[in-house]
Protein chains: 2
Amino acid sequence: MRADAQRNRALIVTAASEAVARDGAYASLEEIARAAGVGSATLHRHFPSRWALLEAVFHDRVEALCARAGELSTGPDARQALTTWLCELAVYSTTTRGLVTSLLKAPPESESCSAMLVAAGEPLRRRAVEEGTVRDDVEMIDLVTLVKAIALAAESTSAAEAERLVRLALEGISPSRQ
Amino acid sequence: MRADAQRNRALIVTAASEAVARDGAYASLEEIARAAGVGSATLHRHFPSRWALLEAVFHDRVEALCARAGELSTGPDARQALTTWLCELAVYSTTTRGLVTSLLKAPPESESCSAMLVAAGEPLRRRAVEEGTVRDDVEMIDLVTLVKAIALAAESTSAAEAERLVRLALEGISPSRQ
DNA sequence: TTACGATATGGGGGGACACCCCACTTATTC
DNA sequence: GAATAAGTGGGGTGTCCCCCCATATCGTAA
């Protein structure tokens with residue numbers, strides 16, 4: 001890729017990052033192009049769709065979340081580690097404007113960010129299943145979907161509320177065993 | 001209200017119902033107005049916002065769901081009744097295009113449809129808590145929010161998937177007691 | 001039945017948006 | 001430094017939401 005194209009791409013992603021943080025996942029693409037100092041055609045050439053742009057915006061942060069799963073996979077309590085990671089995912093998703101929307105509303109063929117999260121969480125799930133504290137018919141993609149769904153529903157309320165709902169969903173609504 | 005205004009209102013709601021079923025909650029308002037045979041200004045006078053229109057479109061169906069909660073509240077197994085109703089809510093929300101979006105994305109001040117659902121489900125929850133099969137710190141609004149969230153996440157997949165996730169969230173991820 | 005005031009209507013315009021075409025500019029390579 | 005391939009952005013098109021206001025229609029009281 002030519003040097004100027006690379007530079008413009010970076011400018012666009014930076015501008016998009018700010019715009020999405022301010023206005024959410026449906027921020028105006030033209031405004032992003034203006035802020036980046038490029039024409040709207042350039043933006044559309046680099047990113048054929050809004051989701052392609054959002055994926056570039058959030059790629060690094062999703063990678064950080066995946067790394068966090070790696071850190072948590074060495075503790076003693078596997079169930080605890082899984083719960084912690086899912087809650088952190090929920091809180092982070094709720095407080096980072098546009099992230100959940102871009103994860104959930106992206107067209108199914110390009111779910112690379114979601115796929116990364118599922119792959120990163122899988123070791124946590126497997127350890128917990130082996131430990132016997134998580135049902136073996138629970139798939140990682142179910143858990144990530146649940147968390148994304150809750151984060152989206154709670155995006156307008158608070159992160160604490162999102163965490164509450166995630167814990168509720170993980171524990172179920174039955175009274176705890178005596 | 002004048003008779004012609006009433007007639008136009010009904011025409012708009014009917015056209016909107018069809019358009020939303022076909023194109024989702026963000027169907028073009030102008031197209032709805034065209035299909036109804038009225039000017040776009042008339043549509044906007046009757047329904048100042050998209051959400052006001054969607055509320056009118058889904059009002060009857062939400063009422064039907066609430067009535068269903070009433071039916072279920074007389075069976076012997078309260079926990080089962082609650083689970084059944086929430087699953088039906090999830091399936092119906094998933095298969096009725098635009099319903100979940102209109103429930104979740106509507107501005108918080110006009111949550112009348114959501115409020116109806118919470119109020120309708122509350123007796124089911126209370127019976128199950130009294131029966132001892134549901135934790136007493138679980139609020140109905142949490143359950144409805146969970147179901148709405150799952151339905152939104154599963155809107156693009158299948159209703160069966162939505163039901164699976166609802167059951168998973170209600171039961172939790174722990175292995176069942178022996 | 002008629003006439004009048006209140007109400008409802010919709011065409012047309014403004015502003016914003018996503019997306020695309022194409023003449024022009026720029027970086028790279030030899 | 002010239003050739004060439006790649007990149008660029010201004011401007012055009014079609015769509016959208018929303019609003020203004022002259023006109024048409026309704027309901028009612030005489």
# chains A, B, ... in the order shown; residues from 1 in each chain; ligands from 1
>>> residues_around(residues="stretch 17-26 of chain D", least_positions_apart="6", cutoff="9 Å", atoms="only C-alpha atoms (C1' of nucleotides)", output="ChimeraX atom specification")
/B:2-4,29-30,41,44 /C:6-9,13-14,16
>>> select_by_dssp(residues="stretch 109-154 of chain B", states="alpha helix (DSSP H)", output="ChimeraX atom specification")
/B:112-131,140-154
>>> residues_around(residues="D:DG14", least_positions_apart="6", cutoff="12 Å", atoms="only C-alpha atoms (C1' of nucleotides)", output="PyMOL selection string")
chain C and resi 17-20
>>> write_last_selection(atoms="N, CA and C atoms (P, O5', C5', C4', C3', O3' and C1' of nucleotides)", output="PDB file, in the first residue's frame")
ATOM      1  P    DC C  17     -24.909  14.752   8.316  1.00  0.00           P
ATOM      2  O5'  DC C  17     -25.123  13.459   7.430  1.00  0.00           O
ATOM      3  C5'  DC C  17     -26.121  12.517   7.807  1.00  0.00           C
ATOM      4  C4'  DC C  17     -26.431  11.598   6.652  1.00  0.00           C
ATOM      5  C3'  DC C  17     -25.187  10.982   6.028  1.00  0.00           C
ATOM      6  O3'  DC C  17     -24.894   9.766   6.681  1.00  0.00           O
ATOM      7  C1'  DC C  17     -26.881  11.560   4.406  1.00  0.00           C
ATOM      8  P    DA C  18     -23.526   9.012   6.392  1.00  0.00           P
ATOM      9  O5'  DA C  18     -23.886   8.168   5.098  1.00  0.00           O
ATOM     10  C5'  DA C  18     -24.888   7.168   5.182  1.00  0.00           C
ATOM     11  C4'  DA C  18     -25.062   6.502   3.836  1.00  0.00           C
ATOM     12  C3'  DA C  18     -23.809   5.805   3.308  1.00  0.00           C
ATOM     13  O3'  DA C  18     -24.202   4.593   2.688  1.00  0.00           O
ATOM     14  C1'  DA C  18     -24.501   7.477   1.774  1.00  0.00           C
ATOM     15  P    DC C  19     -23.107   3.518   2.323  1.00  0.00           P
ATOM     16  O5'  DC C  19     -22.823   3.806   0.783  1.00  0.00           O
ATOM     17  C5'  DC C  19     -23.926   3.804  -0.125  1.00  0.00           C
ATOM     18  C4'  DC C  19     -23.515   4.496  -1.413  1.00  0.00           C
ATOM     19  C3'  DC C  19     -22.179   4.034  -1.990  1.00  0.00           C
ATOM     20  O3'  DC C  19     -22.446   3.326  -3.193  1.00  0.00           O
ATOM     21  C1'  DC C  19     -22.513   6.376  -2.207  1.00  0.00           C
ATOM     22  P    DC C  20     -21.303   2.572  -4.010  1.00  0.00           P
ATOM     23  O5'  DC C  20     -21.100   3.531  -5.280  1.00  0.00           O
ATOM     24  C5'  DC C  20     -22.249   3.981  -5.985  1.00  0.00           C
ATOM     25  C4'  DC C  20     -21.832   4.971  -7.061  1.00  0.00           C
ATOM     26  C3'  DC C  20     -20.543   4.580  -7.788  1.00  0.00           C
ATOM     27  O3'  DC C  20     -20.768   4.685  -9.196  1.00  0.00           O
ATOM     28  C1'  DC C  20     -20.389   6.802  -6.942  1.00  0.00           C
TER      29       DC C  20
END
>>> closest_atom_pairs(of="chain A", to="chain B", cutoff="10 Å", atoms="only C-alpha atoms", output="Markdown table")
| residue | atom | partner | partner_atom | distance |
| --- | --- | --- | --- | --- |
| A:Arg79 | CA | B:Ser174 | CA | 9.2 |
| A:Leu104 | CA | B:Ala153 | CA | 6.7 |
| A:Lys105 | CA | B:Ala153 | CA | 8.5 |
| A:Pro107 | CA | B:Ser156 | CA | 9.4 |
| A:Pro108 | CA | B:Ser156 | CA | 8.7 |
| A:Ala128 | CA | B:Ser174 | CA | 9.8 |
| A:Val129 | CA | B:Pro175 | CA | 9.1 |
| A:Gly132 | CA | B:Pro175 | CA | 7.4 |
| A:Thr133 | CA | B:Ser174 | CA | 5.7 |
| A:Val134 | CA | B:Ser174 | CA | 4.6 |
| A:Arg135 | CA | B:Pro175 | CA | 4.6 |
| A:Asp136 | CA | B:Pro175 | CA | 7.9 |
| A:Asp137 | CA | B:Ile173 | CA | 9.1 |
| A:Val138 | CA | B:Ile173 | CA | 7.0 |
| A:Asp142 | CA | B:Leu165 | CA | 7.0 |
| A:Leu143 | CA | B:Leu165 | CA | 8.8 |
| A:Thr145 | CA | B:Ala153 | CA | 6.9 |
| A:Leu146 | CA | B:Ile150 | CA | 6.6 |
| A:Val147 | CA | B:Ile150 | CA | 9.3 |
| A:Lys148 | CA | B:Ala153 | CA | 7.6 |
| A:Ala149 | CA | B:Ala149 | CA | 4.8 |
| A:Ile150 | CA | B:Ala149 | CA | 5.6 |
| A:Ala151 | CA | B:Ala149 | CA | 8.3 |
| A:Leu152 | CA | B:Ala149 | CA | 7.0 |
| A:Ala153 | CA | B:Ala149 | CA | 5.3 |
| A:Ala154 | CA | B:Thr145 | CA | 8.5 |
| A:Ser156 | CA | B:Pro108 | CA | 8.8 |
| A:Thr157 | CA | B:Pro108 | CA | 9.8 |
| A:Glu161 | CA | B:Asp142 | CA | 9.4 |
| A:Arg164 | CA | B:Asp142 | CA | 9.2 |
| A:Leu165 | CA | B:Asp142 | CA | 7.0 |
| A:Val166 | CA | B:Ala169 | CA | 8.8 |
| A:Arg167 | CA | B:Gly172 | CA | 9.1 |
| A:Leu168 | CA | B:Ala169 | CA | 7.7 |
| A:Ala169 | CA | B:Ala169 | CA | 4.3 |
| A:Leu170 | CA | B:Gly172 | CA | 4.5 |
| A:Glu171 | CA | B:Gly172 | CA | 4.3 |
| A:Gly172 | CA | B:Gly172 | CA | 3.7 |
| A:Ile173 | CA | B:Leu170 | CA | 5.4 |
| A:Ser174 | CA | B:Val134 | CA | 4.7 |
| A:Pro175 | CA | B:Arg135 | CA | 4.6 |
| A:Ser176 | CA | B:Arg135 | CA | 7.8 |
| A:Arg177 | CA | B:Arg177 | CA | 8.4 |
>>> interface_residues(of="chain B", to="chain C", cutoff="12 Å", atoms="only C-alpha atoms (C1' of nucleotides)", output="number ranges by chain")
B: 1-9, 33-34, 37-46
>>> interface_residues(of="chain D", to="chain A", cutoff="10 Å", atoms="only C-alpha atoms (C1' of nucleotides)", output="number ranges by chain")
D: 6-10
>>> write_last_selection(atoms="N, CA and C atoms (P, O5', C5', C4', C3', O3' and C1' of nucleotides)", output="compact mmCIF listing (two decimals), in the first residue's frame")
# COMPACT_ATOMS: atom_id res chain seq x y z
P DA D 6 -1.75 -0.56 -9.64
O5' DA D 6 -1.92 0.50 -8.47
C5' DA D 6 -0.79 0.88 -7.71
C4' DA D 6 -1.10 2.12 -6.92
C3' DA D 6 -2.48 2.05 -6.23
O3' DA D 6 -2.29 2.31 -4.86
C1' DA D 6 -2.23 4.10 -7.45
P DG D 7 -3.50 2.37 -3.85
O5' DG D 7 -3.80 3.93 -3.79
C5' DG D 7 -2.76 4.79 -3.36
C4' DG D 7 -3.25 6.22 -3.38
C3' DG D 7 -4.58 6.43 -2.62
O3' DG D 7 -4.40 7.49 -1.71
C1' DG D 7 -4.69 7.37 -4.80
P DT D 8 -5.60 7.92 -0.79
O5' DT D 8 -6.17 9.17 -1.58
C5' DT D 8 -5.30 10.27 -1.81
C4' DT D 8 -6.03 11.34 -2.58
C3' DT D 8 -7.37 11.74 -1.96
O3' DT D 8 -7.24 13.04 -1.44
C1' DT D 8 -7.54 11.47 -4.34
P DG D 9 -8.22 13.45 -0.26
O5' DG D 9 -9.29 14.34 -1.02
C5' DG D 9 -8.82 15.43 -1.80
C4' DG D 9 -9.95 15.94 -2.68
C3' DG D 9 -11.27 16.17 -1.94
O3' DG D 9 -11.95 17.25 -2.56
C1' DG D 9 -11.62 14.60 -3.61
P DG D 10 -12.45 18.46 -1.80
O5' DG D 10 -13.24 19.23 -2.95
C5' DG D 10 -12.57 19.53 -4.17
C4' DG D 10 -13.54 19.43 -5.34
C3' DG D 10 -14.93 19.99 -5.07
O3' DG D 10 -15.36 20.70 -6.23
C1' DG D 10 -15.11 17.72 -5.71
>>> residues_around(residues="B:Thr84", least_positions_apart="6", cutoff="10 Å", atoms="only C-alpha atoms (C1' of nucleotides)", output="PyMOL selection string")
chain B and resi 69+72+78+90+163+167
>>> write_last_selection(atoms="N, CA and C atoms", output="JSON list (two decimals), in the first residue's frame")
[["chain", "number", "residue", "atom", "x", "y", "z"],
["B", 69, "ALA", "N", -50.07, -13.86, 29.52],
["B", 69, "ALA", "CA", -49.55, -13.96, 30.89],
["B", 69, "ALA", "C", -50.68, -14.23, 31.87],
["B", 72, "LEU", "N", -51.66, -17.88, 31.73],
["B", 72, "LEU", "CA", -50.67, -18.79, 32.31],
["B", 72, "LEU", "C", -50.65, -18.73, 33.83],
["B", 78, "ALA", "N", -45.74, -22.63, 39.01],
["B", 78, "ALA", "CA", -45.52, -21.20, 38.77],
["B", 78, "ALA", "C", -44.21, -20.95, 38.04],
["B", 90, "ALA", "N", -39.87, -14.32, 23.98],
["B", 90, "ALA", "CA", -38.64, -14.29, 23.19],
["B", 90, "ALA", "C", -38.90, -14.74, 21.76],
["B", 163, "GLU", "N", -34.85, -19.05, 22.07],
["B", 163, "GLU", "CA", -35.44, -19.80, 23.19],
["B", 163, "GLU", "C", -34.35, -20.52, 23.98],
["B", 167, "ARG", "N", -33.60, -19.98, 28.00],
["B", 167, "ARG", "CA", -33.59, -21.08, 28.99],
["B", 167, "ARG", "C", -32.23, -21.14, 29.69]]
>>> atom_distance(atom1="atom CA of B:Arg50", atom2="atom CA of B:Asp23")
13.9 Å
>>> atom_distance(atom1="atom CA of B:Ala162", atom2="atom CA of B:Ser93")
9.4 Å
>>> atom_distance(atom1="atom CA of A:Glu130", atom2="atom CA of A:Gly70")
17.3 Å
>>> residues_around(residues="A:Glu71", least_positions_apart="4", cutoff="12 Å", atoms="only C-alpha atoms (C1' of nucleotides)", output="PyMOL selection string")
chain A and resi 64-67+75+81-82+84-85+120-121+123-124
>>> write_last_selection(atoms="C-alpha atoms", output="mmCIF file, in the first residue's frame")
data_model
loop_
_atom_site.group_PDB
_atom_site.id
_atom_site.type_symbol
_atom_site.label_atom_id
_atom_site.label_comp_id
_atom_site.auth_asym_id
_atom_site.auth_seq_id
_atom_site.Cartn_x
_atom_site.Cartn_y
_atom_site.Cartn_z
ATOM 1 C CA ALA A 64 -6.827 -6.150 24.573
ATOM 2 C CA LEU A 65 -9.914 -7.937 25.857
ATOM 3 C CA CYS A 66 -8.651 -11.166 24.350
ATOM 4 C CA ALA A 67 -5.295 -10.690 26.042
ATOM 5 C CA GLY A 75 -5.828 -18.468 38.299
ATOM 6 C CA ALA A 81 -12.204 -16.487 36.001
ATOM 7 C CA LEU A 82 -14.880 -17.079 33.375
ATOM 8 C CA THR A 84 -14.902 -12.194 35.789
ATOM 9 C CA TRP A 85 -13.965 -12.068 32.149
ATOM 10 C CA ALA A 120 -10.181 -16.047 23.437
ATOM 11 C CA GLY A 121 -12.833 -17.071 25.942
ATOM 12 C CA PRO A 123 -9.979 -21.794 27.203
ATOM 13 C CA LEU A 124 -11.695 -20.183 30.187
#
